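For reference, the structure discussed in these notes is given below.
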Amino acid sequence: MSLTDVRLTRSEEPKHAPPPRAKFWLYRFDTKTVPYLLIAPFFILFAIFGLFPIIFNGVVALRHWRLDDPTLTGWAGMENFTKLASDTDFWDALVNTFGIFILSTVPQLLIALMLANLLNRKLRGATFWRIGVLLPYVTPVAASTLVFAVFFSRDYGMANWLLSLVGFGEEQPLDWRATTWSSWIAIATMVNWKWIGYNALLYLSAMQAIPKDVYEAAAVDGAGPWRQLWRITVPMIQPVVLFTVILSTIGGLQLFNEPMLFDENPALANGGYDHQWRTIAQLIYKVGWRDLNLGYAAAMSWALFLIILIVAAINALATRRLGGGK
Amino acid sequence: MERFGRRAARVGAAGLAAALAIAGCSGQALEGNDSSTEGGQVTLKVNFWGDMGLDQLKAKYEADHPNVKIVLNSGEYNAQHEDLQKKLVAGSGAPDISAVDEGFIVQFRSQADQFVNLNDKGASSFESKYLPWKWQASQSTDGKQIGLGTDVGGLAMCYRTDLFKAAGLPTERDKVSELWKTWDQFIETGKTYTAKTGKKFVDSATNLFNPVLSQQPVGFYDPQETLQMEGGPKAGFDVAMKAIDAGLSANLASFQPNWDQGFTKDQFAVLACPAWMLGHIQKTAPNQAGKWDIAAIPGGGGNWGGSWWTIPKQGKNVDEAYKFVEWLVQPEQQIEVFKKVGNLPSQPELYKNKEILDFKKEFFSNAPTGQIFATTAENLKPQYLGKKNGPTRVAVENVINRVQQGQLKSADAWAEAVKEAEKASKS
């Protein structure tokens, strides 16, 4: 018996009284079309604001396109990319991006883990603390960064005031923007401040799904809190750790607002007078909107995209190893 | 086949619904546009930075022209120019009228087809009224006029009489001018001041570099667009390095919050002053009225800034916009702006106008600002500012700032500045 036969026999089966045609159509519309209608806005918007810019960007990257020189146009082939390979600005920015990325991501996730571990205990006013750690996350990044820019200012900044309390920099106040390491620390502080609470809450929600008896068994076996954290909690929340690592990799490598607004004159997109903290995203902005060289900026964007893909993949692999390789 | 058709229809329906939703949004956006004409009512959006003295003029113009509404939009200097550039590329969204500064005029006049050629609207009759270089600077190579000049900077040196007095320096403007005929004398004055008070003398070495540069016959670029670092830029750079080595610079980035704070905290005693700077000082340190005065700048002459009113072609009401601009550059309005915020007109006839010559600014110890700045503007030898003038200036200023921050030795700085300037010229 073939499949066609099955269908035929089925269609010949006696039916109930057929519903009115209009109602039937409406029912079909509701079950078959409405779901598509409901998810369509996302896909349409994604196509317009996500997919199209990415593809268009790829096209622009292969072209000459200078806003200040409309005559220079046409296909460039790989020219923008070969220029990129020998552009010290780009490689310097890459080093800065990774430096700030490591300074922000590693402490951020570690502190978030500790914080989540604390919040996971029985606390007085647990909800208060849990909402509290989320406050930096809901603060608009431009607002908090501007406050930090003042916090780290040379002459009347609060950071220097705090340092002066412990007797540092009384003769010559620390110019946070002058040296590479101090500017990186300042920017990493802003990033950490914003994202620690967010990550801590993600870890906390995952921790609460871990059965209590696992800990009890471990405690009976003589595992202390530290050992419990690293041997039970971290492996059991590994999917969330993976998620946060990938997310902060993407965020860290696209870092823009903080270095941008940290500059004394943000409109210049300098990233320090020696470009000592200029990130790639900032360089893309500068090349695109200050040098008005859109083709080259697009090529940089694509390079950044590839770099993020590679680093996120490496991090994902490493994190998976962290949980599974015990 | 029939199955596929049905699925396609479903997806199509979904797409249509979303498209309608989006179309609805954009329709709203269009209605919300700032420049619109409804029932003969015209709204003109004017973009500029700082205070160009338009508040009262707006009210006056609106009273005389009941069908015109003017929206003033003051923003940050760089941001306004960059915004204009973006909107020109996008083809929509630009203001009806936009101020363009000297530092950006070359960039925009090379896109003259994006602007209304004001000569077509009858602006050519004003040519004889303007300083010739001012008229030419906003003209494209094929003779299109994209802007009508509003002010020129001129250059003088503002100083704090109270701080000078405390340091035992003369306070009268003529004597102060005598004190620093050359930049070397200026540095010596600074050393005396710093030695006496232990305070810094100038706001930033970059604000010495720029005036000295503007006094040179050739700036960063010659008219053939070749970078000329060994001439004007070197002269300015040397003065900047001397000031830093003598410990005179407070190292404050201009027009940024720390700089504004520097005014009120007495962090510096002198400031290179184009005419339009007077308005900024008054606004930033209102309680220092009478504590400022204006002397001649060392080296004599020079110019810093000055703007044009331009009309982007994409606007819907270019005719009404032109009428307003034409009204703005009439002597009566130019004099009013001068009195209010200090911006010096760019029409030399007004330099002989009694109202300008007799005008004394109370805030600046009754300095005759009209006489001071009119003289500098008339003696001005304009410099050619190349297409890459802006980025090149930023690159060299960055090097000066690295020296100010102590991250680079002044002896090594010039080689670095040349390197960075060459890079910027190719950017």
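As shown in the structure tokens, the chain order sets the letters A, B, ...; within each chain, residues go from 1, and ligands are also counted from 1 in the order they appear.
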
Using 9 Å as the limit and counting only C-alpha atoms, can you tabulate each residue of chain A that touches chain B, with its shortest atom-to-atom distance in Å and the two atoms involved, as JSON lines?
{"residue": "A:Phe29", "atom": "CA", "partner": "B:Arg10", "partner_atom": "CA", "distance": 8.8}
{"residue": "A:Lys32", "atom": "CA", "partner": "B:Arg10", "partner_atom": "CA", "distance": 8.0}
{"residue": "A:Thr33", "atom": "CA", "partner": "B:Arg10", "partner_atom": "CA", "distance": 5.6}
{"residue": "A:Val34", "atom": "CA", "partner": "B:Ala14", "partner_atom": "CA", "distance": 8.2}
{"residue": "A:Tyr36", "atom": "CA", "partner": "B:Ala14", "partner_atom": "CA", "distance": 6.3}
{"residue": "A:Leu37", "atom": "CA", "partner": "B:Ala14", "partner_atom": "CA", "distance": 4.5}
{"residue": "A:Leu38", "atom": "CA", "partner": "B:Ala14", "partner_atom": "CA", "distance": 8.0}
{"residue": "A:Ile39", "atom": "CA", "partner": "B:Ala14", "partner_atom": "CA", "distance": 8.6}
{"residue": "A:Ala40", "atom": "CA", "partner": "B:Ala14", "partner_atom": "CA", "distance": 5.9}
{"residue": "A:Pro41", "atom": "CA", "partner": "B:Ala18", "partner_atom": "CA", "distance": 5.6}
{"residue": "A:Ile44", "atom": "CA", "partner": "B:Ala18", "partner_atom": "CA", "distance": 7.1}
{"residue": "A:Leu45", "atom": "CA", "partner": "B:Ala18", "partner_atom": "CA", "distance": 8.8}
{"residue": "A:Leu67", "atom": "CA", "partner": "B:Val89", "partner_atom": "CA", "distance": 7.4}
{"residue": "A:Asp68", "atom": "CA", "partner": "B:Gln107", "partner_atom": "CA", "distance": 6.6}
{"residue": "A:Asp69", "atom": "CA", "partner": "B:Ser110", "partner_atom": "CA", "distance": 8.0}
{"residue": "A:Pro70", "atom": "CA", "partner": "B:Gln111", "partner_atom": "CA", "distance": 8.3}
{"residue": "A:Val150", "atom": "CA", "partner": "B:Pro257", "partner_atom": "CA", "distance": 8.8}
{"residue": "A:Ser153", "atom": "CA", "partner": "B:Asn258", "partner_atom": "CA", "distance": 8.1}
{"residue": "A:Arg154", "atom": "CA", "partner": "B:Asn258", "partner_atom": "CA", "distance": 8.9}
{"residue": "A:Asp155", "atom": "CA", "partner": "B:Asn258", "partner_atom": "CA", "distance": 8.0}
{"residue": "A:Tyr156", "atom": "CA", "partner": "B:Asn258", "partner_atom": "CA", "distance": 8.7}
{"residue": "A:Asp175", "atom": "CA", "partner": "B:Gln405", "partner_atom": "CA", "distance": 7.6}
{"residue": "A:Arg177", "atom": "CA", "partner": "B:Gln405", "partner_atom": "CA", "distance": 8.8}
{"residue": "A:Ala178", "atom": "CA", "partner": "B:Gln405", "partner_atom": "CA", "distance": 5.9}
{"residue": "A:Thr179", "atom": "CA", "partner": "B:Gln407", "partner_atom": "CA", "distance": 7.4}
{"residue": "A:Glu264", "atom": "CA", "partner": "B:Gln256", "partner_atom": "CA", "distance": 6.5}
{"residue": "A:Asn265", "atom": "CA", "partner": "B:Gln256", "partner_atom": "CA", "distance": 6.4}
{"residue": "A:Ala267", "atom": "CA", "partner": "B:Asn78", "partner_atom": "CA", "distance": 6.2}
{"residue": "A:Leu268", "atom": "CA", "partner": "B:Asn78", "partner_atom": "CA", "distance": 7.9}
{"residue": "A:Asn270", "atom": "CA", "partner": "B:Asn398", "partner_atom": "CA", "distance": 8.5}
{"residue": "A:Gly272", "atom": "CA", "partner": "B:Asn398", "partner_atom": "CA", "distance": 8.3}
{"residue": "A:Tyr273", "atom": "CA", "partner": "B:Asn398", "partner_atom": "CA", "distance": 4.7}
{"residue": "A:Asp274", "atom": "CA", "partner": "B:Arg402", "partner_atom": "CA", "distance": 6.8}
{"residue": "A:Val287", "atom": "CA", "partner": "B:Ser427", "partner_atom": "CA", "distance": 8.1}
{"residue": "A:Trp289", "atom": "CA", "partner": "B:Glu82", "partner_atom": "CA", "distance": 7.3}
{"residue": "A:Arg290", "atom": "CA", "partner": "B:Glu82", "partner_atom": "CA", "distance": 7.6}
{"residue": "A:Asp291", "atom": "CA", "partner": "B:Ser427", "partner_atom": "CA", "distance": 6.3}
{"residue": "A:Asn293", "atom": "CA", "partner": "B:Ser427", "partner_atom": "CA", "distance": 8.3}

Write the residues of the preceding selection, restricted to N, CA and C atoms, as a compact mmCIF listing (two decimals), in the first residue's frame.
# COMPACT_ATOMS: atom_id res chain seq x y z
N PHE A 29 -7.33 30.76 9.23
CA PHE A 29 -6.55 32.01 9.25
C PHE A 29 -5.88 32.18 10.62
N LYS A 32 -3.17 29.23 11.07
CA LYS A 32 -2.07 29.13 10.11
C LYS A 32 -1.41 30.47 9.81
N THR A 33 -2.15 31.56 9.79
CA THR A 33 -1.58 32.84 9.34
C THR A 33 -1.18 33.75 10.50
N VAL A 34 -2.05 33.75 11.52
CA VAL A 34 -1.79 34.70 12.62
C VAL A 34 -0.40 34.54 13.24
N TYR A 36 2.36 33.74 11.88
CA TYR A 36 3.32 34.43 11.02
C TYR A 36 3.19 35.94 11.15
N LEU A 37 1.92 36.39 11.22
CA LEU A 37 1.69 37.83 11.37
C LEU A 37 2.34 38.33 12.64
N LEU A 38 2.21 37.54 13.70
CA LEU A 38 2.71 38.00 14.99
C LEU A 38 4.22 38.07 15.03
N ILE A 39 4.89 37.11 14.35
CA ILE A 39 6.36 37.18 14.39
C ILE A 39 6.91 38.02 13.26
N ALA A 40 6.07 38.39 12.31
CA ALA A 40 6.58 39.14 11.15
C ALA A 40 7.27 40.44 11.52
N PRO A 41 6.71 41.24 12.43
CA PRO A 41 7.37 42.53 12.71
C PRO A 41 8.84 42.36 13.06
N ILE A 44 10.75 41.47 9.85
CA ILE A 44 10.80 42.61 8.92
C ILE A 44 11.78 43.64 9.44
N LEU A 45 11.65 43.96 10.72
CA LEU A 45 12.55 44.97 11.30
C LEU A 45 13.99 44.47 11.25
N LEU A 67 32.80 60.96 1.42
CA LEU A 67 31.79 62.01 1.41
C LEU A 67 32.39 63.36 1.03
N ASP A 68 33.68 63.55 1.37
CA ASP A 68 34.27 64.85 1.09
C ASP A 68 34.84 64.91 -0.33
N ASP A 69 34.79 63.82 -1.05
CA ASP A 69 35.32 63.80 -2.40
C ASP A 69 34.43 62.91 -3.27
N PRO A 70 33.30 63.46 -3.71
CA PRO A 70 32.31 62.63 -4.43
C PRO A 70 32.86 62.04 -5.72
N VAL A 150 33.77 62.86 34.89
CA VAL A 150 34.06 63.87 35.92
C VAL A 150 34.77 63.22 37.10
N SER A 153 38.35 63.05 36.52
CA SER A 153 39.01 64.24 35.97
C SER A 153 40.24 64.58 36.80
N ARG A 154 41.17 65.29 36.15
CA ARG A 154 42.48 65.47 36.75
C ARG A 154 42.46 66.44 37.93
N ASP A 155 41.80 67.60 37.74
CA ASP A 155 41.96 68.66 38.72
C ASP A 155 41.03 68.55 39.92
N TYR A 156 39.76 68.25 39.67
CA TYR A 156 38.83 68.22 40.80
C TYR A 156 38.06 66.90 40.83
N ASP A 175 46.82 62.22 36.24
CA ASP A 175 46.07 62.56 35.03
C ASP A 175 45.62 61.25 34.39
N ARG A 177 43.79 60.44 32.06
CA ARG A 177 43.73 60.30 30.60
C ARG A 177 45.11 60.28 29.96
N ALA A 178 46.16 60.56 30.73
CA ALA A 178 47.47 60.75 30.10
C ALA A 178 48.13 59.43 29.74
N THR A 179 48.13 58.47 30.66
CA THR A 179 48.87 57.24 30.38
C THR A 179 47.92 56.12 29.97
N GLU A 264 38.31 64.20 26.53
CA GLU A 264 38.01 65.56 26.96
C GLU A 264 37.09 66.24 25.96
N ASN A 265 37.36 66.05 24.69
CA ASN A 265 36.44 66.54 23.68
C ASN A 265 35.93 65.36 22.87
N ALA A 267 33.78 64.92 20.68
CA ALA A 267 33.48 65.07 19.26
C ALA A 267 34.68 64.74 18.36
N LEU A 268 35.89 64.74 18.93
CA LEU A 268 37.06 64.48 18.10
C LEU A 268 37.31 62.98 17.91
N ASN A 270 39.13 61.03 19.54
CA ASN A 270 40.56 60.81 19.63
C ASN A 270 40.93 59.53 20.36
N GLY A 272 42.11 59.63 23.51
CA GLY A 272 43.39 60.02 24.10
C GLY A 272 44.23 60.73 23.06
N TYR A 273 45.10 61.65 23.53
CA TYR A 273 45.88 62.44 22.56
C TYR A 273 46.86 61.58 21.80
N ASP A 274 47.26 60.45 22.39
CA ASP A 274 48.12 59.51 21.67
C ASP A 274 47.30 58.32 21.19
N VAL A 287 36.97 57.24 11.27
CA VAL A 287 37.25 57.11 9.84
C VAL A 287 36.00 57.41 9.02
N TRP A 289 33.04 59.14 10.04
CA TRP A 289 32.34 60.42 10.18
C TRP A 289 33.22 61.61 10.40
N ARG A 290 34.51 61.38 10.69
CA ARG A 290 35.39 62.55 10.76
C ARG A 290 36.24 62.65 9.49
N ASP A 291 36.79 61.49 9.06
CA ASP A 291 37.54 61.50 7.80
C ASP A 291 36.59 61.38 6.61
N ASN A 293 35.40 58.81 5.22
CA ASN A 293 35.84 57.75 4.33
C ASN A 293 35.01 56.50 4.61

Please report, as an NGL selection string, each residue of segment 178-278 of chain A to which DSSP assigns helix (DSSP H, G or I) when run on this structure's backbone.
:A and (180-207 or 212-220 or 225-236 or 238-253 or 257-262 or 266-268)

Could you give me, as a ChimeraX atom specification, the residues within 7 Å of segment 80-84 of chain A, counting only C-alpha atoms and dropping anything in the same chain fewer than 3 positions from it?
/A:61-62,76,87,90,296,299

Pairwise distance for atom CA of Gly252 of chain A and atom CA of Leu134 of chain A, rounded to one decimal in Å
19.0 Å

Near segment 278-289 of chain B, within 12 Å and counting only C-alpha atoms, which residues show up once chain neighbours fewer than 2 positions away are dropped, as a ChimeraX atom specification?
/B:49-53,153-163,254-266,270-276,291-294,337-344,361-367,369-370,373

Give me the residues near Leu163 of chain A as a PDB file with N, CA, C and O atoms, in the first residue's frame, where near means some atom within 10 Å (using only C-alpha atoms) and where sequence neighbours in that chain fewer than 6 positions away do not count.
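Output (out.pdb):
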ATOM      1  N   GLY A 169      49.495  61.127  45.146  1.00  0.00           N
ATOM      2  CA  GLY A 169      49.279  62.190  44.168  1.00  0.00           C
ATOM      3  C   GLY A 169      48.990  63.547  44.754  1.00  0.00           C
ATOM      4  O   GLY A 169      48.260  64.332  44.160  1.00  0.00           O
ATOM      5  N   GLU A 170      49.541  63.829  45.922  1.00  0.00           N
ATOM      6  CA  GLU A 170      49.244  65.127  46.504  1.00  0.00           C
ATOM      7  C   GLU A 170      50.009  66.246  45.808  1.00  0.00           C
ATOM      8  O   GLU A 170      49.498  67.352  45.671  1.00  0.00           O
ATOM      9  N   PRO A 173      48.599  65.636  40.850  1.00  0.00           N
ATOM     10  CA  PRO A 173      47.450  64.742  40.756  1.00  0.00           C
ATOM     11  C   PRO A 173      47.553  63.820  39.538  1.00  0.00           C
ATOM     12  O   PRO A 173      48.129  64.210  38.519  1.00  0.00           O
ATOM     13  N   LEU A 174      47.028  62.635  39.666  1.00  0.00           N
ATOM     14  CA  LEU A 174      47.097  61.660  38.579  1.00  0.00           C
ATOM     15  C   LEU A 174      46.217  62.116  37.416  1.00  0.00           C
ATOM     16  O   LEU A 174      45.034  62.391  37.591  1.00  0.00           O
TER      17      LEU A 174
END

One decimal, Å: what's the distance from atom CA of Asp142 of chain B over to atom CA of Ala377 of chain B, could you say?
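Answer for the atom CA of Asp142 of chain B to atom CA of Ala377 of chain B separation: 27.1 Å.
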
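Counting from atom CA of Phe209 of chain B, the distance to atom CA of Trp183 of chain B is 10.8 Å.
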
Name all residues at most 9 Å from Glu230 of chain B (count only C-alpha atoms; drop same-chain ones fewer than 4 positions away) and give them as a PDB file with N, CA and C atoms, in the first residue's frame.
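Output (out-v8.pdb):
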ATOM      1  N   LYS B 234      55.546  75.491  12.324  1.00  0.00           N
ATOM      2  CA  LYS B 234      56.746  75.406  13.172  1.00  0.00           C
ATOM      3  C   LYS B 234      56.813  76.608  14.116  1.00  0.00           C
ATOM      4  N   ALA B 235      56.510  77.791  13.583  1.00  0.00           N
ATOM      5  CA  ALA B 235      56.556  78.999  14.412  1.00  0.00           C
ATOM      6  C   ALA B 235      55.588  78.870  15.598  1.00  0.00           C
ATOM      7  N   VAL B 418      55.200  66.457  12.883  1.00  0.00           N
ATOM      8  CA  VAL B 418      55.284  66.367  11.422  1.00  0.00           C
ATOM      9  C   VAL B 418      54.735  65.029  10.946  1.00  0.00           C
TER      10      VAL B 418
END
